[in-house]
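What follows is the content of protein26.pdb (PDB, C-alpha atoms and all ligand atoms).
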```pdb
ATOM      1  CA  SER I 290     157.838 144.085 105.902
ATOM      2  CA  ARG I 291     155.922 143.528 102.655
ATOM      3  CA  ARG I 292     157.096 139.874 102.679
ATOM      4  CA  THR I 293     155.846 139.336 106.219
ATOM      5  CA  THR I 294     152.454 140.688 105.252
ATOM      6  CA  ASN I 295     152.375 138.260 102.311
ATOM      7  CA  ASN I 296     153.257 135.312 104.555
ATOM      8  CA  TYR I 297     150.572 136.301 107.001
ATOM      9  CA  SER I 298     147.896 136.490 104.325
ATOM     10  CA  ALA I 299     148.989 133.085 102.916
ATOM     11  CA  ILE I 300     148.623 131.473 106.351
ATOM     12  CA  SER I 301     145.328 133.200 107.014
ATOM     13  CA  VAL I 302     143.989 131.643 103.801
ATOM     14  CA  ILE I 303     145.585 128.153 104.016
ATOM     15  CA  VAL I 304     144.598 127.429 107.647
ATOM     16  CA  PRO I 305     140.867 128.117 107.385
ATOM     17  CA  VAL I 306     140.663 126.466 103.928
ATOM     18  CA  SER I 307     142.330 123.260 105.123
ATOM     19  CA  LEU I 308     140.109 123.294 108.215
ATOM     20  CA  ILE I 309     137.028 123.556 106.026
ATOM     21  CA  ILE I 310     138.300 120.720 103.781
ATOM     22  CA  CYS I 311     138.924 118.602 106.872
ATOM     23  CA  VAL I 312     135.435 119.204 108.250
ATOM     24  CA  ILE I 313     133.825 118.459 104.874
ATOM     25  CA  GLY I 314     135.902 115.259 104.667
ATOM     26  CA  LEU I 315     134.824 114.123 108.116
ATOM     27  CA  MET I 316     131.202 114.904 107.323
ATOM     28  CA  GLY I 317     131.562 112.864 104.129
ATOM     29  CA  ILE I 318     132.965 109.844 105.966
ATOM     30  CA  SER I 319     130.296 109.958 108.632
ATOM     31  CA  SER I 320     127.532 110.300 106.042
ATOM     32  CA  ILE I 321     128.864 107.236 104.165
ATOM     33  CA  LYS I 322     128.887 105.295 107.436
ATOM     34  CA  TRP I 323     125.400 106.483 108.228
ATOM     35  CA  ARG I 324     124.171 105.529 104.774
ATOM     36  CA  SER I 325     125.686 102.049 104.848
ATOM     37  CA  PHE I 326     124.135 101.549 108.277
ATOM     38  CA  LYS I 327     120.751 102.658 106.971
ATOM     39  CA  SER I 328     120.943 100.435 103.868
ATOM     40  CA  ARG I 329     121.543  97.077 105.499
ATOM     41  CA  GLY I 330     119.698  95.638 102.501
ATOM     42  CA  PRO I 331     116.659  96.395 100.435
ATOM     43  CA  TYR I 332     114.475  95.138 103.282
ATOM     44  CA  GLU I 333     114.264  95.153 107.051
ATOM     45  CA  VAL I 334     112.507  92.723 109.410
ATOM     46  CA  VAL I 335     110.031  94.763 111.465
ATOM     47  CA  ASN I 336     108.266  92.000 113.399
ATOM     48  CA  VAL I 337     108.483  88.246 113.850
ATOM     49  CA  PHE I 338     105.304  86.273 114.587
ATOM     50  CA  PRO I 339     104.709  82.580 115.310
ATOM     51  CA  HIS I 340     103.585  80.370 112.406
ATOM     52  CA  ASP I 341     102.259  76.788 112.487
ATOM     53  CA  PRO I 342     105.323  74.651 111.637
ATOM     54  CA  ASN I 343     102.980  71.997 110.238
ATOM     55  CA  ALA I 344     101.510  74.368 107.668
ATOM     56  CA  PHE I 345     102.925  73.615 104.218
ATOM     57  CA  THR I 346     102.137  77.170 103.145
ATOM     58  CA  GLN I 347     100.941  77.490  99.562
ATOM     59  CA  GLY I 348      98.758  80.581  99.762
ATOM     60  CA  LEU I 349      98.771  83.515 102.183
ATOM     61  CA  LEU I 350      96.742  86.699 102.405
ATOM     62  CA  TYR I 351      95.906  89.428 104.892
ATOM     63  CA  ALA I 352      92.195  90.052 105.453
ATOM     64  CA  GLY I 353      92.288  93.039 107.852
ATOM     65  CA  ASN I 354      91.938  93.098 111.641
ATOM     66  CA  ASP I 355      95.259  91.262 112.246
ATOM     67  CA  THR I 356      93.836  88.216 110.486
ATOM     68  CA  LEU I 357      95.454  86.085 107.810
ATOM     69  CA  PHE I 358      93.997  83.354 105.625
ATOM     70  CA  GLU I 359      96.282  80.546 104.595
ATOM     71  CA  SER I 360      96.077  77.616 102.206
ATOM     72  CA  THR I 361      98.227  74.585 102.990
ATOM     73  CA  GLY I 362      99.364  71.729 100.774
ATOM     74  CA  LEU I 363     100.441  68.069 100.887
ATOM     75  CA  HIS I 364      97.962  65.246 100.282
ATOM     76  CA  GLY I 365      96.091  64.450 103.476
ATOM     77  CA  LYS I 366      97.265  67.668 105.152
ATOM     78  CA  SER I 367      95.778  70.283 102.841
ATOM     79  CA  SER I 368      93.532  72.919 104.343
ATOM     80  CA  ILE I 369      92.252  76.436 104.289
ATOM     81  CA  ARG I 370      92.543  78.308 107.572
ATOM     82  CA  LYS I 371      91.918  81.605 109.274
ATOM     83  CA  VAL I 372      94.936  82.588 111.385
ATOM     84  CA  ALA I 373      95.484  85.248 114.056
ATOM     85  CA  LEU I 374      98.541  87.230 112.974
ATOM     86  CA  ARG I 375     100.010  87.967 116.411
ATOM     87  CA  THR I 376      99.661  84.526 117.968
ATOM     88  CA  GLY I 377      99.712  82.321 114.870
ATOM     89  CA  LYS I 378      96.667  80.614 116.344
ATOM     90  CA  VAL I 379      94.428  78.830 113.838
ATOM     91  CA  GLU I 380      90.939  80.265 114.434
ATOM     92  CA  ALA I 381      89.061  78.282 111.786
ATOM     93  CA  LEU I 382      90.126  75.391 109.594
ATOM     94  CA  GLN I 383      88.533  73.471 106.756
ATOM     95  CA  LYS I 384      90.404  70.301 105.845
ATOM     96  CA  MET I 385      90.463  69.410 102.157
ATOM     97  CA  ASP I 386      89.690  66.003 100.727
ATOM     98  CA  ASP I 387      92.866  63.859 100.690
ATOM     99  CA  SER I 388      92.910  63.823  96.890
ATOM    100  CA  TYR I 389      93.563  67.586  96.813
ATOM    101  CA  PHE I 390      96.798  69.473  97.372
ATOM    102  CA  GLY I 391      95.981  73.054  98.455
ATOM    103  CA  GLU I 392      97.672  75.882  96.547
ATOM    104  CA  GLY I 393      97.241  79.620  95.847
ATOM    105  CA  LEU I 394      94.657  81.620  97.765
ATOM    106  CA  THR I 395      93.057  85.016  97.351
ATOM    107  CA  LEU I 396      90.116  86.997  98.707
ATOM    108  CA  LEU I 397      87.747  88.915  96.518
ATOM    109  CA  GLY I 398      84.487  90.699  97.168
ATOM    110  CA  GLU I 399      82.772  93.949  97.977
ATOM    111  CA  SER I 400      84.143  95.821  94.986
ATOM    112  CA  MET I 401      83.442  92.768  92.840
ATOM    113  CA  HIS I 402      80.016  92.413  91.264
ATOM    114  CA  LEU I 403      79.237  88.705  91.390
ATOM    115  CA  GLU I 404      75.939  88.231  89.605
ATOM    116  CA  ASP I 405      75.985  84.466  89.632
ATOM    117  CA  ALA I 406      77.718  84.169  92.964
ATOM    118  CA  ILE I 407      77.277  80.833  94.605
ATOM    119  CA  PHE I 408      76.925  82.378  98.053
ATOM    120  CA  HIS I 409      74.607  85.312  97.669
ATOM    121  CA  ASP I 410      74.731  86.060 101.367
ATOM    122  CA  SER I 411      78.505  86.391 101.656
ATOM    123  CA  GLU I 412      80.227  89.644 100.923
ATOM    124  CA  LYS I 413      83.663  88.141 100.294
ATOM    125  CA  TRP I 414      84.866  84.906  98.757
ATOM    126  CA  LEU I 415      88.116  83.066  99.120
ATOM    127  CA  PHE I 416      89.446  81.416  95.958
ATOM    128  CA  GLN I 417      91.828  78.486  96.322
ATOM    129  CA  LEU I 418      93.720  76.486  93.701
ATOM    130  CA  THR I 419      94.922  72.886  93.873
ATOM    131  CA  TRP I 420      98.160  71.455  92.551
ATOM    132  CA  LEU I 421      98.195  69.322  89.361
ATOM    133  CA  GLN I 422      94.476  69.818  88.878
ATOM    134  CA  THR I 423      92.240  72.398  87.254
ATOM    135  CA  THR I 424      89.869  72.200  90.214
ATOM    136  CA  GLY I 425      89.672  75.128  92.581
ATOM    137  CA  PHE I 426      87.435  76.006  95.510
ATOM    138  CA  MET I 427      85.481  79.089  96.443
ATOM    139  CA  TYR I 428      84.722  79.607 100.160
ATOM    140  CA  ASP I 429      82.509  81.939 102.131
ATOM    141  CA  TRP I 430      85.105  83.883 104.131
ATOM    142  CA  ASN I 431      82.807  83.899 107.182
ATOM    143  CA  ASN I 432      82.275  80.165 107.131
ATOM    144  CA  LEU I 433      84.957  77.981 105.594
ATOM    145  CA  SER I 434      82.659  74.955 105.618
ATOM    146  CA  LYS I 435      80.575  76.654 102.918
ATOM    147  CA  PHE I 436      82.428  76.008  99.668
ATOM    148  CA  GLU I 437      81.959  75.146  96.009
ATOM    149  CA  LYS I 438      84.171  73.732  93.286
ATOM    150  CA  PHE I 439      85.221  75.610  90.170
ATOM    151  CA  ILE I 440      87.265  74.616  87.144
ATOM    152  CA  HIS I 441      89.841  76.968  85.659
ATOM    153  CA  GLN I 442      91.809  76.960  82.433
ATOM    154  CA  MET I 443      95.399  77.142  83.612
ATOM    155  CA  LYS I 444      97.622  74.083  83.129
ATOM    156  CA  ASP I 445      97.992  73.625  86.844
ATOM    157  CA  GLY I 446      97.244  75.528  90.060
ATOM    158  CA  TRP I 447     100.074  77.298  91.933
ATOM    159  CA  GLY I 448      99.697  80.960  92.933
ATOM    160  CA  LEU I 449      96.668  83.224  93.107
ATOM    161  CA  ALA I 450      96.167  86.953  93.810
ATOM    162  CA  THR I 451      93.805  89.745  92.868
ATOM    163  CA  ASP I 452      93.766  93.455  92.107
ATOM    164  CA  GLY I 453      90.138  93.557  93.285
ATOM    165  CA  LYS I 454      88.809  92.974  89.769
ATOM    166  CA  VAL I 455      90.503  89.989  88.129
ATOM    167  CA  LEU I 456      92.387  86.992  89.462
ATOM    168  CA  PHE I 457      96.108  86.669  88.764
ATOM    169  CA  GLY I 458      97.228  83.048  88.567
ATOM    170  CA  SER I 459     100.466  81.118  88.155
ATOM    171  CA  ASP I 460     101.004  77.466  87.239
ATOM    172  CA  GLY I 461     104.706  76.901  87.817
ATOM    173  CA  SER I 462     105.673  78.115  84.360
ATOM    174  CA  SER I 463     106.793  81.647  83.455
ATOM    175  CA  THR I 464     103.225  82.605  82.538
ATOM    176  CA  LEU I 465     101.199  85.071  84.571
ATOM    177  CA  TYR I 466      97.482  84.588  83.883
ATOM    178  CA  ARG I 467      94.583  86.973  84.305
ATOM    179  CA  LEU I 468      91.393  85.051  85.051
ATOM    180  CA  ASP I 469      87.779  86.156  85.134
ATOM    181  CA  PRO I 470      86.569  85.564  88.738
ATOM    182  CA  GLN I 471      83.090  84.601  87.544
ATOM    183  CA  THR I 472      83.810  82.290  84.599
ATOM    184  CA  PHE I 473      87.444  81.398  85.471
ATOM    185  CA  LYS I 474      88.254  81.854  81.777
ATOM    186  CA  VAL I 475      91.723  83.144  80.881
ATOM    187  CA  LEU I 476      91.395  86.814  79.980
ATOM    188  CA  SER I 477      95.046  87.302  79.009
ATOM    189  CA  ILE I 478      98.507  85.933  79.634
ATOM    190  CA  GLN I 479     101.944  87.470  80.015
ATOM    191  CA  VAL I 480     105.348  85.830  79.959
ATOM    192  CA  VAL I 481     107.371  87.000  82.938
ATOM    193  CA  LYS I 482     110.857  88.066  81.894
ATOM    194  CA  TYR I 483     113.917  89.556  83.560
ATOM    195  CA  LYS I 484     116.314  91.236  81.115
ATOM    196  CA  GLY I 485     114.887  89.128  78.297
ATOM    197  CA  HIS I 486     115.093  85.812  80.198
ATOM    198  CA  GLN I 487     111.943  83.948  81.176
ATOM    199  CA  VAL I 488     111.389  83.515  84.897
ATOM    200  CA  HIS I 489     110.054  79.983  85.473
ATOM    201  CA  ASN I 490     108.512  78.362  88.565
ATOM    202  CA  LEU I 491     106.305  81.318  89.481
ATOM    203  CA  ASN I 492     104.587  80.317  92.702
ATOM    204  CA  GLU I 493     102.684  82.160  95.472
ATOM    205  CA  LEU I 494     101.484  85.609  94.386
ATOM    206  CA  GLU I 495     100.488  88.914  95.925
ATOM    207  CA  PHE I 496      99.235  92.149  94.364
ATOM    208  CA  ILE I 497     101.124  95.011  96.075
ATOM    209  CA  ASN I 498     100.940  98.655  95.001
ATOM    210  CA  ASP I 499     100.177  97.863  91.348
ATOM    211  CA  GLU I 500     102.886  95.178  91.160
ATOM    212  CA  VAL I 501     102.460  91.406  91.184
ATOM    213  CA  TRP I 502     104.939  89.801  93.558
ATOM    214  CA  ALA I 503     105.808  86.141  93.002
ATOM    215  CA  ASN I 504     107.765  83.632  95.018
ATOM    216  CA  VAL I 505     110.031  81.762  92.617
ATOM    217  CA  TRP I 506     109.810  78.112  93.632
ATOM    218  CA  GLN I 507     112.918  76.574  95.181
ATOM    219  CA  THR I 508     114.622  79.929  95.551
ATOM    220  CA  ASP I 509     114.702  82.575  98.261
ATOM    221  CA  CYS I 510     113.657  85.139  95.675
ATOM    222  CA  ILE I 511     110.544  87.196  95.149
ATOM    223  CA  ALA I 512     110.099  88.747  91.693
ATOM    224  CA  ARG I 513     108.347  92.116  91.516
ATOM    225  CA  ILE I 514     106.438  91.895  88.261
ATOM    226  CA  SER I 515     104.901  94.714  86.277
ATOM    227  CA  PRO I 516     101.335  93.661  85.454
ATOM    228  CA  LYS I 517     101.575  95.916  82.384
ATOM    229  CA  ASP I 518     104.113  93.849  80.450
ATOM    230  CA  GLY I 519     105.256  90.982  82.691
ATOM    231  CA  GLY I 520     108.694  92.539  83.118
ATOM    232  CA  VAL I 521     110.513  92.035  86.434
ATOM    233  CA  LEU I 522     110.910  95.453  88.065
ATOM    234  CA  GLY I 523     113.176  94.221  90.833
ATOM    235  CA  TRP I 524     114.006  91.326  93.106
ATOM    236  CA  LEU I 525     113.608  90.790  96.795
ATOM    237  CA  LEU I 526     116.241  88.323  97.957
ATOM    238  CA  LEU I 527     115.492  86.707 101.312
ATOM    239  CA  PRO I 528     117.996  83.854 101.827
ATOM    240  CA  LYS I 529     118.775  85.142 105.324
ATOM    241  CA  LEU I 530     115.324  84.332 106.672
ATOM    242  CA  ARG I 531     115.601  80.632 105.757
ATOM    243  CA  GLU I 532     119.291  80.412 106.680
ATOM    244  CA  GLU I 533     118.695  81.878 110.121
ATOM    245  CA  LEU I 534     115.911  79.367 110.792
ATOM    246  CA  LEU I 535     118.236  76.532 109.759
ATOM    247  CA  ALA I 536     120.999  77.930 111.973
ATOM    248  CA  ALA I 537     118.513  78.046 114.861
ATOM    249  CA  GLY I 538     117.989  74.308 114.418
ATOM    250  CA  TYR I 539     114.733  74.225 112.424
ATOM    251  CA  ASN I 540     115.956  71.541 110.032
ATOM    252  CA  GLY I 541     112.578  70.444 108.726
ATOM    253  CA  ILE I 542     111.717  73.697 106.969
ATOM    254  CA  ASP I 543     111.033  73.910 103.232
ATOM    255  CA  VAL I 544     111.249  76.900 100.878
ATOM    256  CA  LEU I 545     110.205  80.513 101.294
ATOM    257  CA  ASN I 546     106.574  80.711 100.152
ATOM    258  CA  GLY I 547     103.753  83.000 101.142
ATOM    259  CA  ILE I 548     103.411  86.756 100.690
ATOM    260  CA  ALA I 549     100.585  88.803 102.183
ATOM    261  CA  TRP I 550      99.911  92.542 101.930
ATOM    262  CA  ASP I 551      98.060  94.737 104.385
ATOM    263  CA  SER I 552      97.088  97.619 102.104
ATOM    264  CA  GLU I 553      95.743  99.730 104.979
ATOM    265  CA  GLN I 554      98.792  99.685 107.230
ATOM    266  CA  LYS I 555     101.229  99.015 104.358
ATOM    267  CA  ARG I 556     102.616  95.890 105.972
ATOM    268  CA  ILE I 557     104.208  93.003 104.068
ATOM    269  CA  PHE I 558     104.230  89.500 105.556
ATOM    270  CA  VAL I 559     106.295  86.559 104.343
ATOM    271  CA  THR I 560     106.713  83.001 105.538
ATOM    272  CA  GLY I 561     107.631  79.595 104.162
ATOM    273  CA  LYS I 562     106.483  75.999 103.965
ATOM    274  CA  LEU I 563     106.729  74.433 107.445
ATOM    275  CA  TRP I 564     108.340  77.587 108.837
ATOM    276  CA  PRO I 565     107.826  78.244 112.555
ATOM    277  CA  LYS I 566     107.920  82.008 111.942
ATOM    278  CA  LEU I 567     106.143  84.624 109.870
ATOM    279  CA  TYR I 568     107.952  87.881 109.202
ATOM    280  CA  GLU I 569     106.695  91.407 108.755
ATOM    281  CA  ILE I 570     109.161  93.151 106.494
ATOM    282  CA  LYS I 571     109.660  96.675 105.256
ATOM    283  CA  VAL I 572     110.856  96.856 101.671
ATOM    284  CA  PHE I 573     112.622  99.782 100.066
ATOM    285  CA  PRO I 574     111.753 100.816  96.482
ATOM    286  CA  ALA I 575     112.657  98.437  93.630
ATOM    287  CA  LYS I 576     114.846 100.969  91.857
TER
HETATM  288  N1  LIG Y 601     104.385  73.571  94.430
HETATM  289  O1  LIG Y 601     104.352  74.351  95.443
HETATM  290  C1  LIG Y 601     105.644  73.761  93.767
HETATM  291  C2  LIG Y 601     103.308  73.915  93.520
HETATM  292  C3  LIG Y 601     104.197  72.200  94.814
HETATM  293  C4  LIG Y 601     105.299  71.727  95.673
HETATM  294  C5  LIG Y 601     105.124  70.294  95.939
HETATM  295  C6  LIG Y 601     106.145  69.777  96.847
HETATM  296  C7  LIG Y 601     105.875  68.343  97.055
HETATM  297  C8  LIG Y 601     106.558  67.856  98.245
HETATM  298  C9  LIG Y 601     106.177  66.464  98.485
HETATM  299  C10 LIG Y 601     106.722  66.031  99.796
HETATM  300  C11 LIG Y 601     106.221  64.700 100.145
HETATM  301  C12 LIG Y 601     106.493  64.420 101.568
HETATM  302 CA    CA Y 602      99.573  85.846  98.651
END
```
Would you write out, as structure tokens, the structure that this file holds?
Amino acid sequence: SRRTTNNYSAISVIVPVSLIICVIGLMGISSIKWRSFKSRGPYEVVNVFPHDPNAFTQGLLYAGNDTLFESTGLHGKSSIRKVALRTGKVEALQKMDDSYFGEGLTLLGESMHLEDAIFHDSEKWLFQLTWLQTTGFMYDWNNLSKFEKFIHQMKDGWGLATDGKVLFGSDGSSTLYRLDPQTFKVLSIQVVKYKGHQVHNLNELEFINDEVWANVWQTDCIARISPKDGGVLGWLLLPKLREELLAAGYNGIDVLNGIAWDSEQKRIFVTGKLWPKLYEIKVFPAK
């Protein structure tokens, strides 16, 4: 009878324990499935908007109120334009002289104290670079036909962004420049590096949450740069966006280029040169 009691107690332990192990195992499997479903990648497409397929996008920014400003390149087709986010409709456009190739674009004002501002009556100014030249243009954001030339000290003009105080510029090299928005003098430079290797071809820029994001020309990659030391904090790899457009038959598209940040609603927009679409994406932390 003692033996029977022992057997009983063994069963009464083994059965519930194995049941518990089984349940924990199942929960584990389902949580792995759930996690892999949730982490389809480090980003997610939230919205897709129309984009002018004739815009050779070289600069993109969000100006509030579902409005973007865009700088386009190619000689004879370069422009600066105000674009409605939801429809992609061009609401204002200033064509550039045929000798210029539009490049990086940023918007600065309000918080900036512009003593010698060219347009005293405007509260914000758009700054635009041009390719292979040190000439840039400053526009009244309310009236794109009001503009003035400036000369900067970078080798070339590619990307432009701002933290609200200085301009960040790129010139196709691995150098990230800080420029004074009043004198356009170089305040400091940083060499952008990933694990000790220089990252060349830095193109369109955006200042997002204390990071400088840069499209790397001829790649589907965006480098997230620390403005403290020029180190790459992480990468955003977006080959799918371009590949899906190609698969949908848009054969004339060029590279991914154009990042804009809506700091109020925390929205990130990306597009490309001659892309028919502009994407709102949600990005998960770099690390
Ligand atoms: N940049 O964006 C790398 C600064 C300039 C790209 C220039 C691409 C030139 C394309 C020329 C095509 C002529 C039809
Ligand atoms: Ca930008």
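Listed by chain and then by number, the residues chosen by the PyMOL selection byres (((chain I and resi 347) around 8) and not hetatm) in this file are Phe345, Thr346, Gly348, Leu349, Glu359, Ser360, Thr361, Gly362, Gly391, Glu392, Gly393, Leu394, Trp447, Gly448, Glu493, Asn546, Gly547 and Lys562 of chain I.
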Report task. Could you give me, as a PyMOL selection string, every polymer residue with an atom at most 12 Å away from an atom of ligand CA 602 (chain Y), counting all atoms listed in the file? Result -> chain I and resi 346-352+357-360+392-396+415-417+447-452+456-459+492-497+501-504+511+546-551+557-561
Which residues, written as a CSV table (one decimal) with C-alpha atoms, keeping the file's coordinate frame, have at least one atom at most 9 Å from Val335 of chain I, with all atoms listed in the file counted and residues fewer than 5 positions away on the same chain left out?
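The new file around.csv reads:
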```
chain,number,residue,atom,x,y,z
I,568,TYR,CA,108.0,87.9,109.2
I,569,GLU,CA,106.7,91.4,108.8
I,570,ILE,CA,109.2,93.2,106.5
I,571,LYS,CA,109.7,96.7,105.3
```
Around all listed atoms of segment 416-421 of chain I, padded 4 Å per side, what centre and edge lengths does the axis-aligned box have in Å to one decimal, as JSON?
```
{"center_x": 93.8, "center_y": 75.4, "center_z": 92.8, "size_x": 16.7, "size_y": 20.1, "size_z": 15.0}
```
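If you look at atom CA of His486 of chain I and atom CA of Leu465 of chain I, they are 14.6 Å away from each other.
Proximity ranking of I:Lys474, I:His340, I:Lys378, I:Lys435 relative to Thr423 of chain I places I:Lys474 first, based on only C-alpha atoms.
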Query raised in the report: Which polymer residues have any atom within 7 Å of an atom of Thr424 of chain I, counting only C-alpha atoms, with same-chain residues fewer than 6 positions away left out, as a count of residues only?
Result: 5
Query raised in the report: Counting only C-alpha atoms, which of I:Arg467, I:His489, I:Lys454, I:Lys384 gets nearest to Cys510 of chain I?
Result: I:His489
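Candidate residues I:Trp420, I:Tyr539, I:Trp430, I:Phe473 were compared for distance to ligand LIG 601 (chain Y), and the nearest is I:Trp420, using all atoms listed in the file.
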Query raised in the report: Of the residues I:Ser463, I:Asn432, I:Thr472, I:Thr419, which is the one nearest to ligand LIG 601 (chain Y), using all atoms listed in the file?
Result: I:Thr419
For the structure shown, which residues end up in the PyMOL selection byres (((chain I and resi 522-531) around 10) and not hetatm)? Put them as a PDB file with C-alpha atoms, in the frame of the given file, please?
```pdb
ATOM      1  CA  GLY I 330     119.698  95.638 102.501  1.00  0.00           C
ATOM      2  CA  PRO I 331     116.659  96.395 100.435  1.00  0.00           C
ATOM      3  CA  TYR I 332     114.475  95.138 103.282  1.00  0.00           C
ATOM      4  CA  VAL I 334     112.507  92.723 109.410  1.00  0.00           C
ATOM      5  CA  LYS I 482     110.857  88.066  81.894  1.00  0.00           C
ATOM      6  CA  TYR I 483     113.917  89.556  83.560  1.00  0.00           C
ATOM      7  CA  LYS I 484     116.314  91.236  81.115  1.00  0.00           C
ATOM      8  CA  GLU I 500     102.886  95.178  91.160  1.00  0.00           C
ATOM      9  CA  VAL I 501     102.460  91.406  91.184  1.00  0.00           C
ATOM     10  CA  TRP I 502     104.939  89.801  93.558  1.00  0.00           C
ATOM     11  CA  ALA I 503     105.808  86.141  93.002  1.00  0.00           C
ATOM     12  CA  ASN I 504     107.765  83.632  95.018  1.00  0.00           C
ATOM     13  CA  THR I 508     114.622  79.929  95.551  1.00  0.00           C
ATOM     14  CA  ASP I 509     114.702  82.575  98.261  1.00  0.00           C
ATOM     15  CA  CYS I 510     113.657  85.139  95.675  1.00  0.00           C
ATOM     16  CA  ILE I 511     110.544  87.196  95.149  1.00  0.00           C
ATOM     17  CA  ALA I 512     110.099  88.747  91.693  1.00  0.00           C
ATOM     18  CA  ARG I 513     108.347  92.116  91.516  1.00  0.00           C
ATOM     19  CA  ILE I 514     106.438  91.895  88.261  1.00  0.00           C
ATOM     20  CA  SER I 515     104.901  94.714  86.277  1.00  0.00           C
ATOM     21  CA  GLY I 519     105.256  90.982  82.691  1.00  0.00           C
ATOM     22  CA  GLY I 520     108.694  92.539  83.118  1.00  0.00           C
ATOM     23  CA  VAL I 521     110.513  92.035  86.434  1.00  0.00           C
ATOM     24  CA  GLU I 532     119.291  80.412 106.680  1.00  0.00           C
ATOM     25  CA  GLU I 533     118.695  81.878 110.121  1.00  0.00           C
ATOM     26  CA  LEU I 534     115.911  79.367 110.792  1.00  0.00           C
ATOM     27  CA  LEU I 535     118.236  76.532 109.759  1.00  0.00           C
ATOM     28  CA  ALA I 536     120.999  77.930 111.973  1.00  0.00           C
ATOM     29  CA  ALA I 537     118.513  78.046 114.861  1.00  0.00           C
ATOM     30  CA  TYR I 539     114.733  74.225 112.424  1.00  0.00           C
ATOM     31  CA  ILE I 542     111.717  73.697 106.969  1.00  0.00           C
ATOM     32  CA  ASP I 543     111.033  73.910 103.232  1.00  0.00           C
ATOM     33  CA  VAL I 544     111.249  76.900 100.878  1.00  0.00           C
ATOM     34  CA  LEU I 545     110.205  80.513 101.294  1.00  0.00           C
ATOM     35  CA  VAL I 559     106.295  86.559 104.343  1.00  0.00           C
ATOM     36  CA  THR I 560     106.713  83.001 105.538  1.00  0.00           C
ATOM     37  CA  GLY I 561     107.631  79.595 104.162  1.00  0.00           C
ATOM     38  CA  TRP I 564     108.340  77.587 108.837  1.00  0.00           C
ATOM     39  CA  LYS I 566     107.920  82.008 111.942  1.00  0.00           C
ATOM     40  CA  LEU I 567     106.143  84.624 109.870  1.00  0.00           C
ATOM     41  CA  TYR I 568     107.952  87.881 109.202  1.00  0.00           C
ATOM     42  CA  VAL I 572     110.856  96.856 101.671  1.00  0.00           C
ATOM     43  CA  PHE I 573     112.622  99.782 100.066  1.00  0.00           C
ATOM     44  CA  PRO I 574     111.753 100.816  96.482  1.00  0.00           C
ATOM     45  CA  ALA I 575     112.657  98.437  93.630  1.00  0.00           C
ATOM     46  CA  LYS I 576     114.846 100.969  91.857  1.00  0.00           C
TER      47      LYS I 576
END
```
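Atom to atom, atom CA of Asn343 of chain I and atom CA of Ile369 of chain I stand 13.0 Å apart.
Straight-line separation from atom CA of Met427 of chain I to atom C12 of ligand LIG 601 (chain Y): 26.1 Å.
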Query raised in the report: From the set I:Pro565, I:Gly446, I:Gly541, I:Pro470, which residue has the shortest atom-to-atom contact distance to ligand LIG 601 (chain Y), counting all atoms listed in the file?
Result: I:Gly446
Query raised in the report: If you count only C-alpha atoms, which residues fall within 8 Å of segment 353-355 of chain I, apart from same-chain ones fewer than 3 positions away, as a VMD selection string?
Result: chain I and resid 373 to 375 551
Query - For ligand LIG 601 (chain Y), the nearest of the candidates I:Tyr466, I:Tyr428, I:Phe338, I:Tyr389, counting only C-alpha atoms and all ligand atoms - result: I:Tyr389
